[in-house]
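So this block is input_19.txt, compact mmCIF, C-alpha atoms:
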# COMPACT_ATOMS: atom_id res chain seq x y z
CA MET A 1 166.77 -100.97 235.11
CA THR A 2 166.98 -101.79 238.77
CA GLU A 3 169.47 -99.86 240.84
CA GLY A 4 172.01 -101.68 242.90
CA ILE A 5 171.54 -105.39 242.18
CA THR A 6 174.81 -107.29 241.87
CA PRO A 7 175.14 -108.70 238.34
CA SER A 8 175.55 -112.40 237.63
CA GLN A 9 178.73 -113.94 236.20
CA THR A 10 179.44 -117.42 234.93
CA VAL A 11 180.40 -120.25 237.29
CA GLY A 12 183.28 -120.92 234.87
CA PRO A 13 184.99 -124.27 234.36
CA TYR A 14 186.09 -124.83 237.97
CA LEU A 15 182.85 -124.84 239.94
CA GLU A 16 183.90 -128.24 241.27
CA LEU A 17 186.26 -126.47 243.66
CA GLY A 18 183.47 -124.73 245.50
CA LEU A 19 180.01 -126.07 244.83
CA PRO A 20 179.58 -129.86 244.96
CA TRP A 21 178.23 -131.38 248.16
CA ALA A 22 178.60 -135.05 248.98
CA ASP A 23 174.87 -135.12 249.81
CA GLY A 24 173.94 -132.68 247.03
CA PRO A 25 171.75 -134.98 244.93
CA PHE A 26 169.78 -136.16 247.96
CA VAL A 27 166.68 -134.05 248.42
CA VAL A 28 165.66 -136.88 250.72
CA PRO A 29 168.10 -139.17 252.58
CA PRO A 30 169.20 -142.38 250.82
CA GLY A 31 166.75 -145.19 251.50
CA THR A 32 163.72 -142.94 251.90
CA ARG A 33 160.51 -144.84 251.11
CA GLY A 34 158.96 -143.81 247.86
CA ALA A 35 162.06 -141.94 246.70
CA ILE A 36 162.40 -141.37 242.97
CA ARG A 37 165.59 -140.96 241.00
CA ILE A 38 165.66 -138.26 238.36
CA THR A 39 168.49 -138.35 235.85
CA GLY A 40 169.17 -136.55 232.64
CA GLN A 41 171.76 -135.01 230.41
CA VAL A 42 172.53 -131.36 229.91
CA LEU A 43 173.19 -130.81 226.19
CA ASP A 44 174.45 -127.84 224.18
CA GLY A 45 173.26 -126.49 220.83
CA ALA A 46 175.32 -129.10 218.95
CA GLY A 47 173.83 -131.91 221.02
CA ALA A 48 177.08 -132.37 222.95
CA PRO A 49 176.84 -133.15 226.65
CA LEU A 50 178.12 -130.57 229.14
CA PRO A 51 180.67 -132.20 231.44
CA ASP A 52 181.08 -129.04 233.52
CA ALA A 53 177.52 -128.02 234.38
CA MET A 54 175.56 -128.06 237.62
CA ILE A 55 171.84 -128.26 238.16
CA GLU A 56 169.88 -127.34 241.26
CA THR A 57 166.30 -128.23 242.11
CA TRP A 58 163.78 -126.74 244.53
CA GLN A 59 160.33 -128.12 245.31
CA ALA A 60 157.50 -128.48 247.78
CA ASP A 61 157.19 -131.52 250.02
CA PRO A 62 154.67 -134.31 249.25
CA ASP A 63 151.94 -132.31 250.99
CA GLY A 64 152.61 -129.28 248.81
CA ARG A 65 154.14 -127.32 251.67
CA PHE A 66 157.39 -125.41 252.21
CA ASP A 67 159.32 -125.07 255.45
CA HIS A 68 159.74 -121.37 254.71
CA PRO A 69 158.43 -118.27 256.51
CA ASP A 70 157.28 -116.54 253.29
CA ASP A 71 154.77 -119.23 252.43
CA PRO A 72 151.54 -117.42 253.37
CA ARG A 73 150.04 -120.74 254.49
CA GLY A 74 152.78 -120.86 257.16
CA ALA A 75 156.07 -122.71 257.30
CA ALA A 76 155.45 -126.44 257.57
CA LYS A 77 157.88 -129.09 258.78
CA PRO A 78 158.19 -131.65 256.00
CA SER A 79 156.13 -134.80 256.23
CA VAL A 80 159.11 -136.86 255.01
CA ALA A 81 162.02 -137.21 257.46
CA GLY A 82 165.13 -135.42 256.25
CA PHE A 83 163.37 -133.76 253.31
CA ARG A 84 165.44 -130.75 252.22
CA GLY A 85 163.51 -129.53 249.19
CA PHE A 86 166.78 -128.69 247.49
CA GLY A 87 168.96 -130.84 245.25
CA ARG A 88 172.28 -130.10 243.60
CA SER A 89 174.21 -132.23 241.13
CA THR A 90 177.20 -131.52 238.94
CA THR A 91 177.26 -133.30 235.58
CA ASP A 92 179.66 -136.12 234.81
CA SER A 93 181.74 -136.59 231.65
CA ALA A 94 178.55 -137.66 229.81
CA GLY A 95 176.73 -134.52 230.92
CA ARG A 96 174.59 -136.55 233.29
CA TYR A 97 173.15 -135.38 236.60
CA GLU A 98 171.18 -137.23 239.24
CA ILE A 99 168.66 -136.12 241.89
CA VAL A 100 166.97 -138.35 244.47
CA THR A 101 163.72 -136.93 245.77
CA VAL A 102 160.05 -137.53 246.48
CA ARG A 103 157.18 -136.27 244.41
CA PRO A 104 156.02 -132.82 245.51
CA GLY A 105 152.34 -132.19 246.12
CA PRO A 106 150.25 -129.84 243.98
CA LEU A 107 150.23 -126.17 244.96
CA PRO A 108 147.52 -123.52 245.11
CA ALA A 109 148.20 -120.89 242.45
CA PRO A 110 147.98 -117.26 243.57
CA GLU A 111 145.38 -116.44 240.89
CA GLY A 112 143.28 -119.44 241.86
CA GLY A 113 143.52 -122.93 240.43
CA THR A 114 146.23 -125.46 241.11
CA GLU A 115 149.80 -125.93 240.01
CA ALA A 116 150.68 -129.50 239.08
CA PRO A 117 153.55 -131.16 240.99
CA HIS A 118 156.81 -129.68 239.71
CA LEU A 119 160.45 -128.97 240.49
CA ASP A 120 162.07 -125.63 239.75
CA VAL A 121 165.42 -126.33 238.07
CA SER A 122 168.41 -123.98 237.71
CA VAL A 123 171.23 -124.73 235.26
CA PHE A 124 174.72 -123.30 235.72
CA ALA A 125 177.76 -123.85 233.49
CA ARG A 126 180.82 -122.36 231.89
CA GLY A 127 179.55 -120.37 228.93
CA MET A 128 176.41 -119.33 230.79
CA LEU A 129 176.70 -115.80 232.17
CA ASP A 130 173.57 -116.27 234.25
CA ARG A 131 171.73 -119.38 235.39
CA THR A 132 168.83 -120.56 233.29
CA VAL A 133 165.63 -121.62 235.02
CA THR A 134 163.22 -124.31 233.90
CA ARG A 135 160.62 -126.56 235.51
CA MET A 136 160.25 -130.33 235.56
CA TYR A 137 156.76 -131.85 235.59
CA PHE A 138 155.74 -135.49 236.01
CA PRO A 139 154.64 -137.68 233.08
CA ASP A 140 151.86 -139.49 234.96
CA GLU A 141 150.00 -136.33 235.98
CA ALA A 142 148.20 -135.69 232.70
CA ALA A 143 145.10 -134.13 234.25
CA ALA A 144 147.03 -131.96 236.69
CA ASN A 145 149.47 -130.91 233.99
CA ALA A 146 146.60 -129.95 231.68
CA ALA A 147 145.24 -127.64 234.40
CA ASP A 148 148.62 -126.19 235.38
CA PRO A 149 148.70 -122.43 234.67
CA VAL A 150 152.36 -122.40 233.63
CA LEU A 151 152.20 -125.39 231.29
CA SER A 152 148.84 -124.52 229.79
CA ALA A 153 150.03 -121.03 228.84
CA ILE A 154 152.73 -122.53 226.62
CA THR A 155 150.71 -122.95 223.47
CA ASP A 156 153.14 -125.01 221.36
CA PRO A 157 152.72 -128.64 222.48
CA SER A 158 156.24 -129.58 221.41
CA ARG A 159 157.67 -126.80 223.57
CA ARG A 160 155.42 -127.72 226.50
CA ALA A 161 156.63 -131.31 226.21
CA THR A 162 160.21 -130.23 227.02
CA LEU A 163 159.09 -129.59 230.61
CA ILE A 164 157.71 -133.06 231.24
CA ALA A 165 160.03 -135.83 232.36
CA GLU A 166 159.94 -139.27 230.75
CA ALA A 167 159.35 -142.41 232.78
CA ASP A 168 161.94 -145.15 232.42
CA PRO A 169 160.65 -148.74 232.54
CA ASP A 170 162.35 -149.18 235.91
CA GLY A 171 160.44 -146.31 237.48
CA GLN A 172 163.13 -143.66 237.24
CA LEU A 173 162.47 -140.34 235.59
CA ARG A 174 164.55 -138.91 232.79
CA PHE A 175 164.67 -135.16 232.24
CA ASP A 176 167.14 -133.95 229.63
CA ILE A 177 167.92 -130.26 229.40
CA ARG A 178 168.69 -128.93 225.92
CA LEU A 179 170.17 -125.47 226.17
CA GLN A 180 169.73 -124.62 222.47
CA GLY A 181 168.47 -125.84 219.13
CA ASP A 182 166.07 -128.65 218.25
CA HIS A 183 163.80 -129.49 221.18
CA GLU A 184 165.31 -126.64 223.15
CA THR A 185 164.03 -126.75 226.72
CA VAL A 186 161.65 -123.99 227.73
CA PHE A 187 163.47 -121.55 230.03
CA PHE A 188 161.78 -118.99 232.22
CA ASP A 189 162.43 -115.45 233.27
CA VAL A 190 161.61 -115.44 236.98
CA MET B 1 155.06 -114.01 226.31
CA THR B 2 153.56 -114.06 229.78
CA VAL B 3 152.40 -117.18 231.52
CA GLY B 4 149.07 -116.79 233.22
CA ASN B 5 147.96 -113.66 234.97
CA PRO B 6 150.11 -112.54 237.88
CA PRO B 7 147.94 -110.87 240.48
CA VAL B 8 149.71 -110.66 243.81
CA ALA B 9 146.73 -111.89 245.75
CA SER B 10 143.72 -114.01 245.05
CA GLY B 11 142.76 -117.53 245.88
CA GLY B 12 143.58 -116.49 249.44
CA LEU B 13 147.34 -116.31 248.83
CA VAL B 14 149.33 -113.16 249.39
CA LEU B 15 152.85 -113.60 248.08
CA PRO B 16 155.89 -111.36 248.35
CA ARG B 17 157.19 -110.27 244.99
CA TYR B 18 160.83 -109.90 244.02
CA GLU B 19 161.76 -107.04 241.76
CA SER B 20 163.02 -107.69 238.27
CA ALA B 21 166.73 -107.82 237.56
CA ALA B 22 166.12 -106.85 233.93
CA GLY B 23 169.10 -105.05 232.45
CA VAL B 24 171.44 -105.99 235.31
CA HIS B 25 172.63 -109.48 234.38
CA PRO B 26 174.64 -110.21 231.22
CA PRO B 27 172.73 -111.54 228.21
CA LEU B 28 173.06 -115.31 227.91
CA ASP B 29 174.02 -114.79 224.27
CA SER B 30 177.26 -112.79 224.55
CA PRO B 31 179.27 -113.46 221.37
CA GLU B 32 182.50 -111.96 222.75
CA TYR B 33 182.47 -114.78 225.31
CA LYS B 34 182.90 -117.66 222.90
CA SER B 35 181.75 -120.43 225.23
CA SER B 36 178.29 -118.88 225.30
CA ALA B 37 177.74 -119.65 221.59
CA LEU B 38 176.24 -123.13 222.02
CA ARG B 39 175.12 -122.68 225.61
CA HIS B 40 172.42 -120.04 225.39
CA PRO B 41 168.77 -120.59 224.49
CA ASN B 42 167.71 -119.31 221.08
CA GLN B 43 164.08 -119.05 222.13
CA PRO B 44 163.10 -116.05 224.24
CA LEU B 45 162.70 -116.72 227.95
CA ILE B 46 159.11 -117.09 229.06
CA ALA B 47 158.01 -114.82 231.90
CA LEU B 48 157.12 -116.89 234.95
CA PRO B 49 155.11 -114.95 237.51
CA GLN B 50 156.56 -115.70 240.93
CA ARG B 51 154.52 -118.36 242.67
CA LEU B 52 155.02 -120.40 245.82
CA THR B 53 158.02 -122.33 244.48
CA GLU B 54 159.76 -119.14 243.38
CA ILE B 55 159.21 -117.02 246.51
CA THR B 56 160.46 -119.76 248.81
CA GLY B 57 163.89 -121.38 248.75
CA PRO B 58 166.38 -123.40 250.74
CA LEU B 59 167.48 -121.73 253.97
CA PHE B 60 170.99 -123.02 254.46
CA GLY B 61 173.05 -121.65 257.32
CA ALA B 62 175.81 -122.55 259.73
CA GLU B 63 175.05 -126.29 259.52
CA ARG B 64 176.68 -126.35 256.07
CA VAL B 65 179.88 -124.59 257.18
CA GLY B 66 182.79 -126.54 258.66
CA GLU B 67 185.46 -125.34 261.06
CA HIS B 68 188.01 -124.11 258.49
CA ASP B 69 185.59 -123.28 255.70
CA ALA B 70 185.76 -119.50 256.17
CA ASP B 71 189.57 -119.56 256.16
CA LEU B 72 190.93 -120.76 252.82
CA THR B 73 194.50 -120.47 254.18
CA ALA B 74 193.78 -123.06 256.90
CA GLY B 75 193.27 -126.78 256.83
CA HIS B 76 196.53 -127.70 255.11
CA ALA B 77 199.98 -128.69 256.40
CA GLY B 78 201.34 -125.18 255.92
CA GLU B 79 200.53 -121.64 254.86
CA PRO B 80 199.74 -121.02 251.19
CA ILE B 81 202.02 -118.76 249.18
CA GLY B 82 200.67 -115.32 248.37
CA GLU B 83 199.16 -112.17 249.73
CA ARG B 84 196.93 -113.03 252.70
CA ILE B 85 193.70 -111.01 252.58
CA ILE B 86 190.44 -110.68 254.45
CA VAL B 87 187.31 -110.31 252.34
CA SER B 88 184.21 -109.10 254.14
CA GLY B 89 181.02 -107.22 253.50
CA ARG B 90 177.27 -107.42 253.71
CA VAL B 91 174.59 -109.21 251.77
CA LEU B 92 171.58 -106.97 251.24
CA ASP B 93 168.29 -106.90 249.39
CA SER B 94 167.97 -104.20 246.75
CA ASP B 95 165.64 -102.42 249.16
CA GLY B 96 168.47 -102.22 251.69
CA ARG B 97 167.43 -104.98 254.05
CA PRO B 98 170.21 -107.30 255.26
CA VAL B 99 170.05 -110.96 254.26
CA PRO B 100 170.87 -112.83 257.48
CA ASP B 101 171.88 -116.47 258.01
CA ALA B 102 172.54 -117.04 254.32
CA LEU B 103 175.10 -119.44 252.91
CA ILE B 104 177.92 -118.07 250.74
CA GLU B 105 180.22 -120.39 248.80
CA VAL B 106 183.47 -119.18 247.20
CA TRP B 107 186.16 -120.64 244.98
CA GLN B 108 189.23 -119.20 243.33
CA ALA B 109 192.66 -119.65 241.75
CA ASN B 110 195.81 -119.57 243.86
CA ALA B 111 198.27 -116.66 244.02
CA ALA B 112 199.90 -117.83 240.79
CA GLY B 113 196.60 -117.86 238.91
CA ARG B 114 196.23 -121.65 238.91
CA TYR B 115 193.12 -123.54 239.98
CA ALA B 116 193.57 -126.80 241.88
CA HIS B 117 191.53 -128.53 239.17
CA HIS B 118 192.55 -131.13 236.61
CA VAL B 119 191.12 -129.11 233.72
CA ASP B 120 193.36 -126.10 234.43
CA GLY B 121 196.43 -126.44 232.18
CA HIS B 122 197.98 -123.05 232.99
CA PRO B 123 201.74 -123.69 233.45
CA ALA B 124 201.87 -121.96 236.83
CA PRO B 125 202.60 -123.73 240.11
CA LEU B 126 199.97 -125.48 242.16
CA ASP B 127 200.16 -124.75 245.87
CA PRO B 128 199.94 -127.84 248.10
CA ASN B 129 198.60 -125.60 250.86
CA PHE B 130 195.76 -124.08 248.89
CA SER B 131 192.73 -125.84 247.45
CA GLY B 132 190.70 -122.70 246.80
CA GLY B 133 187.19 -123.50 248.06
CA GLY B 134 185.42 -121.96 251.06
CA ARG B 135 182.08 -121.27 252.70
CA CYS B 136 180.68 -118.89 255.23
CA VAL B 137 177.32 -117.75 256.44
CA THR B 138 176.02 -114.22 256.96
CA ASP B 139 175.33 -113.11 260.52
CA SER B 140 172.13 -111.61 261.88
CA VAL B 141 172.76 -108.32 260.04
CA GLY B 142 173.92 -109.88 256.78
CA ARG B 143 177.68 -109.57 257.36
CA TYR B 144 180.14 -112.15 256.05
CA ARG B 145 183.91 -112.53 256.32
CA PHE B 146 186.51 -114.93 255.08
CA VAL B 147 190.29 -115.17 254.94
CA THR B 148 192.08 -116.17 251.77
CA ILE B 149 194.99 -115.45 249.42
CA LYS B 150 194.68 -112.86 246.70
CA PRO B 151 194.18 -114.87 243.49
CA GLY B 152 196.32 -114.22 240.43
CA PRO B 153 195.15 -113.43 236.90
CA TYR B 154 195.37 -116.29 234.44
CA PRO B 155 195.33 -116.94 230.70
CA TRP B 156 192.40 -118.61 228.98
CA GLY B 157 191.54 -119.64 225.47
CA ASN B 158 188.77 -117.22 224.54
CA HIS B 159 190.94 -115.21 222.12
CA TYR B 160 194.61 -114.52 221.44
CA ASN B 161 196.48 -113.59 224.65
CA ALA B 162 193.30 -113.58 226.74
CA TRP B 163 193.72 -113.14 230.50
CA ARG B 164 191.07 -113.12 233.18
CA PRO B 165 191.33 -110.32 235.73
CA ALA B 166 191.90 -111.74 239.22
CA HIS B 167 188.60 -112.74 240.77
CA ILE B 168 186.87 -114.82 243.42
CA HIS B 169 183.72 -116.77 242.50
CA PHE B 170 180.76 -116.21 244.85
CA SER B 171 177.58 -118.29 245.12
CA LEU B 172 174.65 -117.00 247.19
CA PHE B 173 171.26 -118.42 248.04
CA GLY B 174 169.55 -115.50 249.70
CA ARG B 175 166.15 -116.46 251.12
CA ALA B 176 164.22 -117.37 247.98
CA PHE B 177 164.73 -119.31 244.74
CA THR B 178 164.30 -115.99 242.95
CA GLN B 179 167.31 -114.48 244.74
CA ARG B 180 169.84 -117.18 243.79
CA LEU B 181 173.01 -115.57 242.46
CA VAL B 182 176.40 -116.78 241.25
CA THR B 183 178.89 -114.06 240.43
CA GLN B 184 182.54 -112.99 240.60
CA MET B 185 184.28 -110.38 242.74
CA PHE B 186 187.12 -108.42 241.15
CA PHE B 187 189.90 -106.30 242.67
CA PRO B 188 190.27 -102.54 242.25
CA GLY B 189 192.42 -101.12 239.48
CA ASP B 190 192.88 -104.29 237.47
CA PRO B 191 194.37 -103.37 234.06
CA LEU B 192 192.58 -106.35 232.50
CA PHE B 193 189.06 -104.93 232.99
CA PRO B 194 188.75 -103.37 229.52
CA LEU B 195 189.91 -106.60 227.89
CA ASP B 196 187.73 -109.16 229.69
CA PRO B 197 184.61 -110.27 227.76
CA ILE B 198 183.08 -111.84 230.87
CA PHE B 199 183.30 -108.67 232.97
CA ASN B 200 182.20 -106.58 230.00
CA SER B 201 179.25 -108.83 229.22
CA ILE B 202 177.36 -106.84 231.86
CA PRO B 203 175.59 -104.27 229.70
CA ASP B 204 175.49 -101.43 232.20
CA GLN B 205 178.79 -99.76 233.08
CA ALA B 206 177.65 -98.83 236.58
CA ALA B 207 176.45 -102.37 237.27
CA ARG B 208 179.84 -103.69 236.14
CA GLN B 209 181.60 -101.54 238.72
CA ARG B 210 179.53 -103.18 241.45
CA LEU B 211 181.58 -106.36 241.00
CA ILE B 212 184.77 -104.57 242.11
CA CYS B 213 185.61 -104.69 245.81
CA SER B 214 187.22 -101.84 247.75
CA PHE B 215 190.47 -101.82 249.65
CA ASP B 216 189.44 -101.51 253.29
CA ILE B 217 192.11 -100.55 255.81
CA ASP B 218 189.55 -100.66 258.61
CA THR B 219 189.00 -104.41 258.36
CA SER B 220 192.68 -105.27 257.80
CA VAL B 221 194.67 -106.82 260.64
CA PRO B 222 197.95 -105.05 261.47
CA ASP B 223 201.06 -107.12 260.81
CA TRP B 224 198.92 -109.93 259.40
CA ALA B 225 196.53 -109.31 256.49
CA MET B 226 195.30 -106.66 254.07
CA ALA B 227 191.57 -106.42 253.56
CA TYR B 228 188.93 -105.78 250.94
CA SER B 229 185.24 -105.16 251.41
CA TRP B 230 182.46 -106.00 249.02
CA ASP B 231 178.70 -105.77 249.47
CA ILE B 232 176.43 -108.03 247.47
CA VAL B 233 172.91 -106.92 246.59
CA LEU B 234 170.25 -109.51 245.81
CA ARG B 235 166.87 -108.82 244.27
CA GLY B 236 164.64 -107.30 246.91
CA ARG B 237 160.94 -107.46 247.44
CA THR B 238 159.05 -104.70 245.79
CA ALA B 239 157.22 -102.52 248.25
CA THR B 240 153.54 -103.40 248.23
CA ALA B 241 150.59 -102.76 250.46
CA PHE B 242 150.60 -106.44 251.23
CA GLU B 243 154.11 -106.28 252.61
CA SER B 244 153.48 -103.36 254.92
CA ARG B 245 150.41 -105.17 256.20
CA GLU B 246 152.65 -108.06 257.11
CA GLY B 247 154.92 -105.63 258.93
CA LYS B 248 157.96 -106.63 256.91
Can I see the file as C-alpha cells?
Amino acid sequence: MTEGITPSQTVGPYLELGLPWADGPFVVPPGTRGAIRITGQVLDGAGAPLPDAMIETWQADPDGRFDHPDDPRGAAKPSVAGFRGFGRSTTDSAGRYEIVTVRPGPLPAPEGGTEAPHLDVSVFARGMLDRTVTRMYFPDEAAANAADPVLSAITDPSRRATLIAEADPDGQLRFDIRLQGDHETVFFDV
Amino acid sequence: MTVGNPPVASGGLVLPRYESAAGVHPPLDSPEYKSSALRHPNQPLIALPQRLTEITGPLFGAERVGEHDADLTAGHAGEPIGERIIVSGRVLDSDGRPVPDALIEVWQANAAGRYAHHVDGHPAPLDPNFSGGGRCVTDSVGRYRFVTIKPGPYPWGNHYNAWRPAHIHFSLFGRAFTQRLVTQMFFPGDPLFPLDPIFNSIPDQAARQRLICSFDIDTSVPDWAMAYSWDIVLRGRTATAFESREGK
C-alpha cells in the first residue's frame, strides 16, 4: 500500500451544504454557441434514482487542449470563451443531473493513436465511500469510438455501450449512470 | 483487466503519473455501512491508465472563495453557539510536495450535531447563525485555514443506537482529476471511533488514524479560539526519469 495518502470518506447525505455551485452545471456560459445539454439519472442497484448524489465532469476543449501546465503539449487557453472544462451537478428528487458543455476534441493517446471525444465523470453520493469514475463518449462518433483505446479494450459490447450517451431527438444527450446490477455502468480505477 | 498498454511516453507525449491509492480508500462494498449495499458496482473496476484527461484537472483558486467563506462563524446576524475553533494545516502530495492554490470546500453539523438541511431529522436545535458550509484556498506552500464551530456527534439510522463521531467534511481538487478527494476530518479521542462503520471502512488502521486532526496550541488564538491542525495528503506523482528531466 501507499504510505501517507489521506483516505476517502463518503460525502454523506448533506453535501448540499457545501458543494453545489450556482454555475456548477455550466462548463460553458449559458448561451454559448454550439452548447450541448447532457442529462441523465443516477440509479442504484434496485433501479431507484439517487436524490442525493453529485456528478462532476472534466474534459478537453473543442480543440482537444487543456489549460493546464501538466499537458506536455503546453497549457492552451480555451478556444471557447468562458470554457471551464469542469462541470458539477447535484441530482434532483428524480436522480437527474444536468451539464451544459461543448464537445471536446479528440486527444492523442500516450501510446500512440487517438482517444475519441470523451468526458471523465466522477460520481459521489451517500453510501459511496469513495467516488466512482466513468467516462462518457458521444453516440455520433462511431469511427472514433471504435479506435478509442479505452473503449476498444472493453471486450463485452453491452458493457462498452454503457459508456456511450444516447442522443435525444431534440439534440440533447442522455447519459444514465447505473451504479449496480443490470446494465451496470463501467467504472474505472484511475 | 487493464485497458490498453500504459507506457509513460510514446507518441511524443510524456505524462506525469500519479501513484496508486490501492489499499488506502475504503472498499465501495462495505456491508457494515448499510447505504453502500445498492450503491456499489458489482463488476470489478477496470484499470484506466492515466492519460491526458486524468493528469489534468480544474485549477480552482481564490476566485471561487467569497469574503466570509473561510469563516463559518461569520456572515450571519450573530455568533453561532458552540466551541469556536480554528482548523488549519497543509495539503501535500504523497511525495511531500505542497499543493498550492487549491480549492478546499467544507461542510459540517452545528455544535448540537444538527445539519442545516431539510433531510436531517435529528431532534437537536438548529442554529440561526450557522449554516455549516465554507471554502478556502491553499496558499503558495499548500497551507489552509478556516474558522468554525466544533461540530457535535449525531445519531443516524445505520444500526441500533448508531452515532457518527464528530467530523467535518472536506472536498479537495488538488491539481489533477486523479487527485480529487472527498473525505472527513475527525477529532482526537472520540469514543465513537470503534463503533463507526464509516470510519472503520478504511481497511488499514494506520490510514484510518490519518483522518484524525491534532489539537494545536500553537495555532490557537488566546482568549478567542482553540485550534486543531490536520494535513491532507493527495496522491503524488511517482518519481520517474521523465519528471526529473522536467525539473519538477
List every residue of segment 80-146 of chain A that has an atom at most 6 Å from any atom of segment 157-163 of chain A, and for each one report the closest atom pair and its distance in Å to one decimal, counting all atoms listed in the file, with rows sorted by chain and then by increasing residue number, as a Markdown table.
| residue | atom | partner | partner_atom | distance |
| --- | --- | --- | --- | --- |
| A:Arg135 | CA | A:Leu163 | CA | 6.0 |
| A:Met136 | CA | A:Leu163 | CA | 5.1 |
| A:Tyr137 | CA | A:Leu163 | CA | 5.9 |
Kindly extract all protein, DNA and RNA residues lying within 7 Å of the coordinates (162.5, -111.9, 247.9) given in the file, considering all atoms listed in the file, and supply them as an NGL selection string. :B and (16-18 or 55 or 175-176 or 178-179 or 235-237)
Output C-alpha atoms of each residue in that selection to a file, as an mmCIF file, in the frame of the given file.
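Result saved to again_34.cif:
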data_model
loop_
_atom_site.group_PDB
_atom_site.id
_atom_site.type_symbol
_atom_site.label_atom_id
_atom_site.label_comp_id
_atom_site.auth_asym_id
_atom_site.auth_seq_id
_atom_site.Cartn_x
_atom_site.Cartn_y
_atom_site.Cartn_z
ATOM 1 C CA PRO B 16 155.890 -111.360 248.350
ATOM 2 C CA ARG B 17 157.190 -110.270 244.990
ATOM 3 C CA TYR B 18 160.830 -109.900 244.020
ATOM 4 C CA ILE B 55 159.210 -117.020 246.510
ATOM 5 C CA ARG B 175 166.150 -116.460 251.120
ATOM 6 C CA ALA B 176 164.220 -117.370 247.980
ATOM 7 C CA THR B 178 164.300 -115.990 242.950
ATOM 8 C CA GLN B 179 167.310 -114.480 244.740
ATOM 9 C CA ARG B 235 166.870 -108.820 244.270
ATOM 10 C CA GLY B 236 164.640 -107.300 246.910
ATOM 11 C CA ARG B 237 160.940 -107.460 247.440
#
Which is closer to chain B than all the others in A:Val102, A:Ala53, A:Ile5, A:Val28, using all atoms listed in the file?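 For chain B, the nearest of the candidates is A:Ile5.
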Between atom CA of Val137 of chain B and atom CA of Leu172 of chain B, what distance in Å does the model show, to one decimal?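 Computing the Euclidean distance for atom CA of Val137 of chain B and atom CA of Leu172 of chain B yields 9.7 Å.
With distances restricted to all atoms listed in the file, B:Phe170 is the closest residue to Leu17 of chain A from B:Phe146, B:Tyr160, B:Phe170, B:Tyr154.
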Nearest residue to Asp44 of chain A out of A:Asp67, A:Asp148, A:Glu184, A:Asp61, using all atoms listed in the file?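 Of A:Asp67, A:Asp148, A:Glu184, A:Asp61, the one nearest Asp44 of chain A is A:Glu184, counting all atoms listed in the file.
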Hey, list the chain A side of the contact with chain B: 8 Å cut-off, only C-alpha atoms, answer as a ChimeraX atom specification. /A:1-11,13-19,44-46,58-60,66,68,70-73,84-86,107-113,120,126-131,149-150,153-154,179-181,184,186-190
Exercise: Leu43 of chain A partners within 9 Å, all atoms listed in the file, chain neighbours under 4 positions left out, as a list in words: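 Here the answer would be Gly47, Ala48, Pro49, Leu50, Gly95, Asp176, Ile177, Arg178, Leu179 and Gln180 of chain A; Arg39 of chain B.
Between atom CA of His183 of chain A and atom CA of Pro106 of chain A the interatomic distance comes to 26.5 Å.
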Can you complete the atoms of segment 46-58 of chain B to N, CA and C atoms and list them as a PDB file, in the coordinates of the input?
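The resulting part_3.pdb:
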ATOM      1  N   ILE B  46     160.527-117.290 228.797  1.00  0.00           N
ATOM      2  CA  ILE B  46     159.110-117.090 229.060  1.00  0.00           C
ATOM      3  C   ILE B  46     158.947-116.533 230.467  1.00  0.00           C
ATOM      4  N   ALA B  47     158.203-115.436 230.584  1.00  0.00           N
ATOM      5  CA  ALA B  47     158.010-114.820 231.900  1.00  0.00           C
ATOM      6  C   ALA B  47     157.236-115.770 232.807  1.00  0.00           C
ATOM      7  N   LEU B  48     157.774-116.015 233.978  1.00  0.00           N
ATOM      8  CA  LEU B  48     157.120-116.890 234.950  1.00  0.00           C
ATOM      9  C   LEU B  48     156.763-116.045 236.165  1.00  0.00           C
ATOM     10  N   PRO B  49     155.480-115.708 236.314  1.00  0.00           N
ATOM     11  CA  PRO B  49     155.110-114.950 237.510  1.00  0.00           C
ATOM     12  C   PRO B  49     155.535-115.730 238.759  1.00  0.00           C
ATOM     13  N   GLN B  50     156.059-115.021 239.733  1.00  0.00           N
ATOM     14  CA  GLN B  50     156.560-115.700 240.930  1.00  0.00           C
ATOM     15  C   GLN B  50     155.404-116.320 241.706  1.00  0.00           C
ATOM     16  N   ARG B  51     155.538-117.613 241.937  1.00  0.00           N
ATOM     17  CA  ARG B  51     154.520-118.360 242.670  1.00  0.00           C
ATOM     18  C   ARG B  51     155.177-118.958 243.902  1.00  0.00           C
ATOM     19  N   LEU B  52     154.499-119.884 244.542  1.00  0.00           N
ATOM     20  CA  LEU B  52     155.020-120.400 245.820  1.00  0.00           C
ATOM     21  C   LEU B  52     156.426-120.978 245.689  1.00  0.00           C
ATOM     22  N   THR B  53     156.701-121.704 244.604  1.00  0.00           N
ATOM     23  CA  THR B  53     158.020-122.330 244.480  1.00  0.00           C
ATOM     24  C   THR B  53     159.112-121.283 244.294  1.00  0.00           C
ATOM     25  N   GLU B  54     158.744-120.156 243.685  1.00  0.00           N
ATOM     26  CA  GLU B  54     159.760-119.140 243.380  1.00  0.00           C
ATOM     27  C   GLU B  54     159.996-118.181 244.545  1.00  0.00           C
ATOM     28  N   ILE B  55     159.011-117.985 245.408  1.00  0.00           N
ATOM     29  CA  ILE B  55     159.210-117.020 246.510  1.00  0.00           C
ATOM     30  C   ILE B  55     159.696-117.708 247.787  1.00  0.00           C
ATOM     31  N   THR B  56     159.822-119.034 247.724  1.00  0.00           N
ATOM     32  CA  THR B  56     160.460-119.760 248.810  1.00  0.00           C
ATOM     33  C   THR B  56     161.833-120.224 248.315  1.00  0.00           C
ATOM     34  N   GLY B  57     162.580-120.883 249.166  1.00  0.00           N
ATOM     35  CA  GLY B  57     163.890-121.380 248.750  1.00  0.00           C
ATOM     36  C   GLY B  57     164.578-122.036 249.923  1.00  0.00           C
ATOM     37  N   PRO B  58     165.684-122.728 249.647  1.00  0.00           N
ATOM     38  CA  PRO B  58     166.380-123.400 250.740  1.00  0.00           C
ATOM     39  C   PRO B  58     167.029-122.387 251.682  1.00  0.00           C
TER      40      PRO B  58
END
